[in-house]
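Below you'll find the structure, written out as structure tokens, and then a few comments.
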Amino acid sequence: IHKELNLLKSEQDVEQEISDQKDAELELIKSREYYFKRNKSIITDLFYFDQASITTCVNCGAVLYNFSMFNTLIFPLEKTRLFKVNKGEFFEYVNLKDCFDCHINPETSQQGEVFYCNTCHQESRYILENKISSFPEILTIVLNRGTHLEFDVEFMITYLLDFLDDYLIKLNSNKQDLGTKYELIGIIIHTGNSGMD
């Protein structure tokens with residue numbers, strides 16, 4: 001829908017500025033400028049938000065910021081370890097706050113997973129963390145059961161979203177998002193193995 005309604009359709013590519021990714025505020029501004037030079041529609045106005053991927057070098061502690069635009073938050077249930085399992089057949093409950101906690105929980109790279117750090121000039125393991133940079137007018141959350149669960153997933157959801165400040169990267173440019181709250185306006189439930197179900 002966004003593609004059809006995009007007011008900035010252009011065949012010309014917009015060049016993205018090269019940076020050292022060390023200044024979070026500057027990276028966020030550049031990322032937003034780059035994206036909105038190519039994208040503008042009612043869909044981006046209502047549903048899109050930016051998120052920070054924060055990489056910390058284990059060797060020297062250097063921190064790099066990378067911002068990207070998204071229109072959904074996807075929480076893979078099989079990876080979150082958030083739910084009680086009853087006889088391996090279904091999940092009793094899913095708490096959205098726990099999903100957010102798992103989403104932003106810093107993860108250290110495994111042995112052999114390295115990146116080249118431009119600060120200490122060597123390959124290093126890293127800590128990866130996600131933070132939300134801004135909240136959209138309408139937040140879409142997908143609870144994805146994944147491909148490895150052979151059984152249907154049934155669960156209760158607690159959805160009170162009044163704790164969102166904890167998941168924001170604290171920058172001057174997103175202070176307007178402090179105190180953000182949402183109310184539930186709709187649920188889509190997909191059942192079965194086919195996209196047509």
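Labels used: A, B, ... for chains in the order of the structure tokens, numbers from 1 for residues in each chain, and numbers from 1 for ligands as shown.
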
Residue contacts of Glu129 in chain A (8 Å, only C-alpha atoms) excluding same-chain residues fewer than 6 positions away, as a list in words: Ser53, Ile54, Thr55, Ile104, Asn105, Pro106 and Glu107 of chain A

Restrict the selected residues to all heavy atoms and save them as a PDB file, in the first residue's frame.
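Just written: selection.pdb:
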```pdb
ATOM      1  N   SER A  53      20.028  -0.207  16.313  1.00  0.00           N
ATOM      2  CA  SER A  53      20.816  -1.410  16.561  1.00  0.00           C
ATOM      3  C   SER A  53      22.158  -0.925  17.116  1.00  0.00           C
ATOM      4  O   SER A  53      22.900  -0.225  16.436  1.00  0.00           O
ATOM      5  CB  SER A  53      21.018  -2.196  15.267  1.00  0.00           C
ATOM      6  OG  SER A  53      21.848  -3.314  15.492  1.00  0.00           O
ATOM      7  N   ILE A  54      22.445  -1.274  18.367  1.00  0.00           N
ATOM      8  CA  ILE A  54      23.611  -0.746  19.073  1.00  0.00           C
ATOM      9  C   ILE A  54      24.634  -1.868  19.246  1.00  0.00           C
ATOM     10  O   ILE A  54      24.360  -2.882  19.881  1.00  0.00           O
ATOM     11  CB  ILE A  54      23.209  -0.179  20.441  1.00  0.00           C
ATOM     12  CG1 ILE A  54      22.079   0.843  20.273  1.00  0.00           C
ATOM     13  CG2 ILE A  54      24.408   0.449  21.139  1.00  0.00           C
ATOM     14  CD1 ILE A  54      21.428   1.265  21.576  1.00  0.00           C
ATOM     15  N   THR A  55      25.802  -1.679  18.648  1.00  0.00           N
ATOM     16  CA  THR A  55      26.865  -2.677  18.708  1.00  0.00           C
ATOM     17  C   THR A  55      27.996  -2.156  19.592  1.00  0.00           C
ATOM     18  O   THR A  55      28.513  -1.069  19.348  1.00  0.00           O
ATOM     19  CB  THR A  55      27.422  -2.977  17.299  1.00  0.00           C
ATOM     20  OG1 THR A  55      26.345  -3.375  16.447  1.00  0.00           O
ATOM     21  CG2 THR A  55      28.462  -4.090  17.341  1.00  0.00           C
ATOM     22  N   ILE A 104      14.840  -6.166  23.556  1.00  0.00           N
ATOM     23  CA  ILE A 104      15.940  -5.219  23.757  1.00  0.00           C
ATOM     24  C   ILE A 104      17.068  -5.805  24.598  1.00  0.00           C
ATOM     25  O   ILE A 104      18.071  -5.136  24.824  1.00  0.00           O
ATOM     26  CB  ILE A 104      15.451  -3.910  24.409  1.00  0.00           C
ATOM     27  CG1 ILE A 104      15.060  -4.146  25.874  1.00  0.00           C
ATOM     28  CG2 ILE A 104      14.324  -3.281  23.621  1.00  0.00           C
ATOM     29  CD1 ILE A 104      14.967  -2.872  26.664  1.00  0.00           C
ATOM     30  N   ASN A 105      16.909  -7.034  25.069  1.00  0.00           N
ATOM     31  CA  ASN A 105      17.931  -7.633  25.922  1.00  0.00           C
ATOM     32  C   ASN A 105      19.255  -7.768  25.167  1.00  0.00           C
ATOM     33  O   ASN A 105      19.309  -8.380  24.108  1.00  0.00           O
ATOM     34  CB  ASN A 105      17.458  -9.018  26.394  1.00  0.00           C
ATOM     35  CG  ASN A 105      18.412  -9.630  27.387  1.00  0.00           C
ATOM     36  OD1 ASN A 105      18.914  -8.958  28.278  1.00  0.00           O
ATOM     37  ND2 ASN A 105      18.676 -10.925  27.223  1.00  0.00           N
ATOM     38  N   PRO A 106      20.344  -7.179  25.690  1.00  0.00           N
ATOM     39  CA  PRO A 106      21.637  -7.272  24.991  1.00  0.00           C
ATOM     40  C   PRO A 106      22.094  -8.723  24.846  1.00  0.00           C
ATOM     41  O   PRO A 106      21.967  -9.524  25.771  1.00  0.00           O
ATOM     42  CB  PRO A 106      22.583  -6.491  25.917  1.00  0.00           C
ATOM     43  CG  PRO A 106      21.709  -5.617  26.743  1.00  0.00           C
ATOM     44  CD  PRO A 106      20.433  -6.388  26.930  1.00  0.00           C
ATOM     45  N   GLU A 107      22.612  -9.059  23.676  1.00  0.00           N
ATOM     46  CA  GLU A 107      23.118 -10.404  23.408  1.00  0.00           C
ATOM     47  C   GLU A 107      24.576 -10.331  23.000  1.00  0.00           C
ATOM     48  O   GLU A 107      24.945  -9.544  22.123  1.00  0.00           O
ATOM     49  CB  GLU A 107      22.302 -11.081  22.308  1.00  0.00           C
ATOM     50  CG  GLU A 107      20.864 -11.377  22.684  1.00  0.00           C
ATOM     51  CD  GLU A 107      20.135 -12.168  21.613  1.00  0.00           C
ATOM     52  OE1 GLU A 107      20.777 -12.486  20.579  1.00  0.00           O
ATOM     53  OE2 GLU A 107      18.948 -12.462  21.792  1.00  0.00           O
TER      54      GLU A 107
END
```

Enumerate, as an MDAnalysis selection string, the complete set of residues in range 20-191 of chain A that a backbone-based DSSP assignment places in strand (DSSP E or B). chainID A and resid 49:57 63:70 73:76 85:86 90:91 93:95 107:108 115:117 122:124 126:132 141:144 156:158 161 168 182

Output the selection as a PDB file, in the first residue's frame - C-alpha atoms for each residue.
```pdb
ATOM      1  CA  PHE A  49       9.105   4.025  13.402  1.00  0.00           C
ATOM      2  CA  ASP A  50      12.870   3.876  13.684  1.00  0.00           C
ATOM      3  CA  GLN A  51      14.891   1.521  15.788  1.00  0.00           C
ATOM      4  CA  ALA A  52      18.524   1.573  16.872  1.00  0.00           C
ATOM      5  CA  SER A  53      20.816  -1.410  16.561  1.00  0.00           C
ATOM      6  CA  ILE A  54      23.611  -0.746  19.073  1.00  0.00           C
ATOM      7  CA  THR A  55      26.865  -2.677  18.708  1.00  0.00           C
ATOM      8  CA  THR A  56      29.446  -2.563  21.500  1.00  0.00           C
ATOM      9  CA  CYS A  57      32.984  -3.874  20.964  1.00  0.00           C
ATOM     10  CA  VAL A  63      29.743   1.818  20.648  1.00  0.00           C
ATOM     11  CA  LEU A  64      28.296   2.013  17.112  1.00  0.00           C
ATOM     12  CA  TYR A  65      24.740   3.048  16.235  1.00  0.00           C
ATOM     13  CA  ASN A  66      22.751   1.960  13.208  1.00  0.00           C
ATOM     14  CA  PHE A  67      19.166   3.162  12.680  1.00  0.00           C
ATOM     15  CA  SER A  68      16.529   1.582  10.441  1.00  0.00           C
ATOM     16  CA  MET A  69      12.844   2.152   9.739  1.00  0.00           C
ATOM     17  CA  PHE A  70      10.222  -0.511  10.492  1.00  0.00           C
ATOM     18  CA  LEU A  73       7.573  -5.095  15.884  1.00  0.00           C
ATOM     19  CA  ILE A  74       7.998  -8.851  15.447  1.00  0.00           C
ATOM     20  CA  PHE A  75       8.377 -10.964  18.584  1.00  0.00           C
ATOM     21  CA  PRO A  76       9.384 -14.602  17.824  1.00  0.00           C
ATOM     22  CA  VAL A  85       4.394 -24.593  28.588  1.00  0.00           C
ATOM     23  CA  ASN A  86       1.655 -27.045  29.519  1.00  0.00           C
ATOM     24  CA  PHE A  90       0.212 -24.729  24.281  1.00  0.00           C
ATOM     25  CA  PHE A  91       1.377 -21.543  25.945  1.00  0.00           C
ATOM     26  CA  TYR A  93       0.102 -16.671  28.599  1.00  0.00           C
ATOM     27  CA  VAL A  94       2.229 -14.109  26.813  1.00  0.00           C
ATOM     28  CA  ASN A  95       2.974 -10.779  28.454  1.00  0.00           C
ATOM     29  CA  GLU A 107      23.118 -10.404  23.408  1.00  0.00           C
ATOM     30  CA  THR A 108      26.822 -11.221  23.279  1.00  0.00           C
ATOM     31  CA  PHE A 115      33.170  -7.853  13.554  1.00  0.00           C
ATOM     32  CA  TYR A 116      36.052  -5.535  12.671  1.00  0.00           C
ATOM     33  CA  CYS A 117      36.236  -2.658  15.148  1.00  0.00           C
ATOM     34  CA  GLN A 122      40.982  -5.678  15.307  1.00  0.00           C
ATOM     35  CA  GLU A 123      38.331  -8.333  15.003  1.00  0.00           C
ATOM     36  CA  SER A 124      36.293  -8.573  18.149  1.00  0.00           C
ATOM     37  CA  TYR A 126      30.433  -7.755  20.274  1.00  0.00           C
ATOM     38  CA  ILE A 127      27.316  -7.053  22.294  1.00  0.00           C
ATOM     39  CA  LEU A 128      24.203  -6.303  20.236  1.00  0.00           C
ATOM     40  CA  GLU A 129      21.251  -4.384  21.655  1.00  0.00           C
ATOM     41  CA  ASN A 130      18.023  -3.034  20.148  1.00  0.00           C
ATOM     42  CA  LYS A 131      16.379   0.198  21.245  1.00  0.00           C
ATOM     43  CA  ILE A 132      13.352   1.961  19.794  1.00  0.00           C
ATOM     44  CA  ILE A 141       3.002  -6.013  17.000  1.00  0.00           C
ATOM     45  CA  VAL A 142       3.353  -9.490  15.491  1.00  0.00           C
ATOM     46  CA  LEU A 143       3.592 -12.504  17.790  1.00  0.00           C
ATOM     47  CA  ASN A 144       5.292 -15.048  15.540  1.00  0.00           C
ATOM     48  CA  MET A 156      -3.652 -15.422  26.778  1.00  0.00           C
ATOM     49  CA  ILE A 157      -2.130 -11.995  26.107  1.00  0.00           C
ATOM     50  CA  THR A 158      -1.684  -9.220  28.627  1.00  0.00           C
ATOM     51  CA  LEU A 161       1.377  -0.780  27.148  1.00  0.00           C
ATOM     52  CA  LEU A 168      13.538   4.133  24.062  1.00  0.00           C
ATOM     53  CA  TYR A 182      -1.259   2.750  23.517  1.00  0.00           C
TER      54      TYR A 182
END
```

Smallest atom-to-atom distance to Lys22 in chain A: which of A:Asn118, A:Gln111, A:Thr180, A:Asn71, using only C-alpha atoms? A:Asn118

Kindly give the distance, in Å, that separates CA of Gly179 in chain A and CA of Ile43 in chain A, rounded to a single decimal.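 Separating CA of Gly179 in chain A from CA of Ile43 in chain A is a distance of 23.2 Å.
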
Please report, as a ChimeraX atom specification, each residue of range 32-134 of chain A to which DSSP assigns alpha helix (DSSP H) when run on this structure's backbone. /A:32-36,42-47,77-80,96-104

For the residues selected in the previous step, produce a file with C-alpha atoms as a short mmCIF file (atom, residue, chain, number, x, y, z; two decimals), in the first residue's frame.
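Output (result39.cif):
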```
data_model
loop_
_atom_site.label_atom_id
_atom_site.label_comp_id
_atom_site.auth_asym_id
_atom_site.auth_seq_id
_atom_site.Cartn_x
_atom_site.Cartn_y
_atom_site.Cartn_z
CA ARG A 32 15.52 9.84 9.07
CA GLU A 33 16.59 12.34 6.39
CA TYR A 34 17.74 9.52 4.10
CA TYR A 35 14.53 7.53 4.51
CA PHE A 36 12.08 10.41 4.15
CA ILE A 42 -0.20 7.93 4.96
CA ILE A 43 1.36 4.54 5.81
CA THR A 44 4.73 6.02 6.83
CA ASP A 45 2.89 8.74 8.78
CA LEU A 46 0.87 6.26 10.83
CA PHE A 47 2.84 3.01 11.07
CA LEU A 77 7.68 -16.61 20.56
CA GLU A 78 9.90 -19.67 20.21
CA LYS A 79 12.97 -17.60 21.09
CA THR A 80 11.62 -15.54 23.95
CA LEU A 96 3.87 -8.04 25.97
CA LYS A 97 6.18 -6.41 28.50
CA ASP A 98 8.19 -9.64 28.62
CA CYS A 99 8.32 -9.63 24.81
CA PHE A 100 9.71 -6.09 24.83
CA ASP A 101 12.25 -7.06 27.51
CA CYS A 102 13.47 -9.96 25.39
CA HIS A 103 13.56 -7.79 22.26
CA ILE A 104 15.94 -5.22 23.76
#
```
